[in-house]
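See structure below.
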Amino acid sequence: MNAYYLQILTVIGINIILAASLNLISGYTGQLSLGHATFMGIGAYSATLISIHLGLPFIISLIIGGVVAAIFGFIIGVPTLRLKGDYLAIATLGFGEIMKNINLNLKITGGPMGLRGIPQATNIYIVIAAVVLTIFAINRIINSRVGKSFIAIREDELAAEAMGINTTHYKILSFVIGAFFAGIAGGLYAFFFRYIHPSNFGFMKSIEILCMVVLGGMGNTYGAVLGAIIITVLPEFLRTVSPVISQYRMVFYGLLLVIMMIVRPQGILSQDFDFTLFNHGLLGYKKKKGGQIQ
């Protein structure tokens with residue numbers, strides 16, 4: 001395959017993992033996080049530094065990177081997830097800026113020059129396997145008792161507490177799981193591009209991931225997948241349409257997002273749609289209406 005298209009497919013896979021993991025936090029649990037790219041960066045730096053300095057295999061380094069990101073998710077989650085709405089968003093944004101400035105001033109992370117010399121280990125097959133495992137794991141979580149608790153918190157946190165759900169515990173758990181998968185995505189990113197810089201994991205990257213979730217449909221895993229594909233492919237598609245559109249592609253890109261949010265604010269796939277694989281031998285969907293599945 002052409003190297004250009006192969007790179008786009010790889011980036012799509014990494015973005016799918018990021019969008020699906022943020023959807024678990026914001027879409028299913030209802031917690032607005034603006035620091036998801038920070039966990040991606042923590043996973044990227046942890047995995048690469050372990051691989052470079054300790055010589056551990058790629059897969060082990062990748063998993064450790066995800067675990068380190070999950071640990072930071074717990075550390076930031078304990079004090080901040082007692083907050084709600086805008087206050088939580090500001091807290092996660094502040095955490096992201098703190099980590100960005102720490103990485104810019106640490107010698108081991110390459111400082112403002114970034115981290116170079118990362119071995120290239122990520123390929124399209126590993127990314128596809130990671131995407132499948134991520135979607136499978138998140139769907140299993142959502143269909144479990146834990147996932148029902150996440151959704152109950154999103155719908156009405158006070159009612160969930162009245163029913164005996166430890167809302168703080170489950171919000172932290174959601175944050176930790178989402179951070180783990182974001183760390184995995186960060187490791188895949190680092191081992192593919194072989195160079196990382198703190199600016200790769202800044203505020204704008206978090207906004208981009210959030211756009212994927214909102215565009216595809218919050219609270220729907222396959223909506224997050226679709227949103228990640230569109231957000232990744234659309235700028236590249238506009239680049240090839242015509243010289244004029246190519247020059248102003250980011251303007252058209254932003255305009256299309258604005259129009260989409262006006263026309264269909266619930267996203268392409270709303271929470272009412274539940275996709276099922278291999279339904280009658282094909283990929284189909286079931287639409288929930290009035291409490292019944294049609």
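In the structure tokens, each chain is lettered A, B, ... as it comes, each chain's residues begin at 1, and ligands are numbered from 1 in order of appearance.
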Would you tabulate, counting only C-alpha atoms, all residues of range 188-283 of chain A that have an atom at most 10 Å from an atom of range 57-81 of chain A, showing the closest pair of atoms and their distance in Å to one decimal, sorted by chain then ascending number, as CSV?
```
residue,atom,partner,partner_atom,distance
A:Leu188,CA,A:Leu62,CA,7.4
A:Ala190,CA,A:Leu62,CA,9.9
A:Phe191,CA,A:Phe58,CA,8.5
```
Option closest in space to Lys171 in chain A, from A:His36, A:Lys205, A:Lys100, A:Arg154 [counting only C-alpha atoms]: A:Arg154
A:Leu269, A:Ile184, A:Leu83, A:Ala228 ranked by distance to Thr122 in chain A, top pick (using only C-alpha atoms): A:Ile184
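Among the candidates A:Ile14, A:Leu32, A:Leu56, A:Leu9, the one nearest to Leu210 in chain A when counting only C-alpha atoms is A:Leu32.
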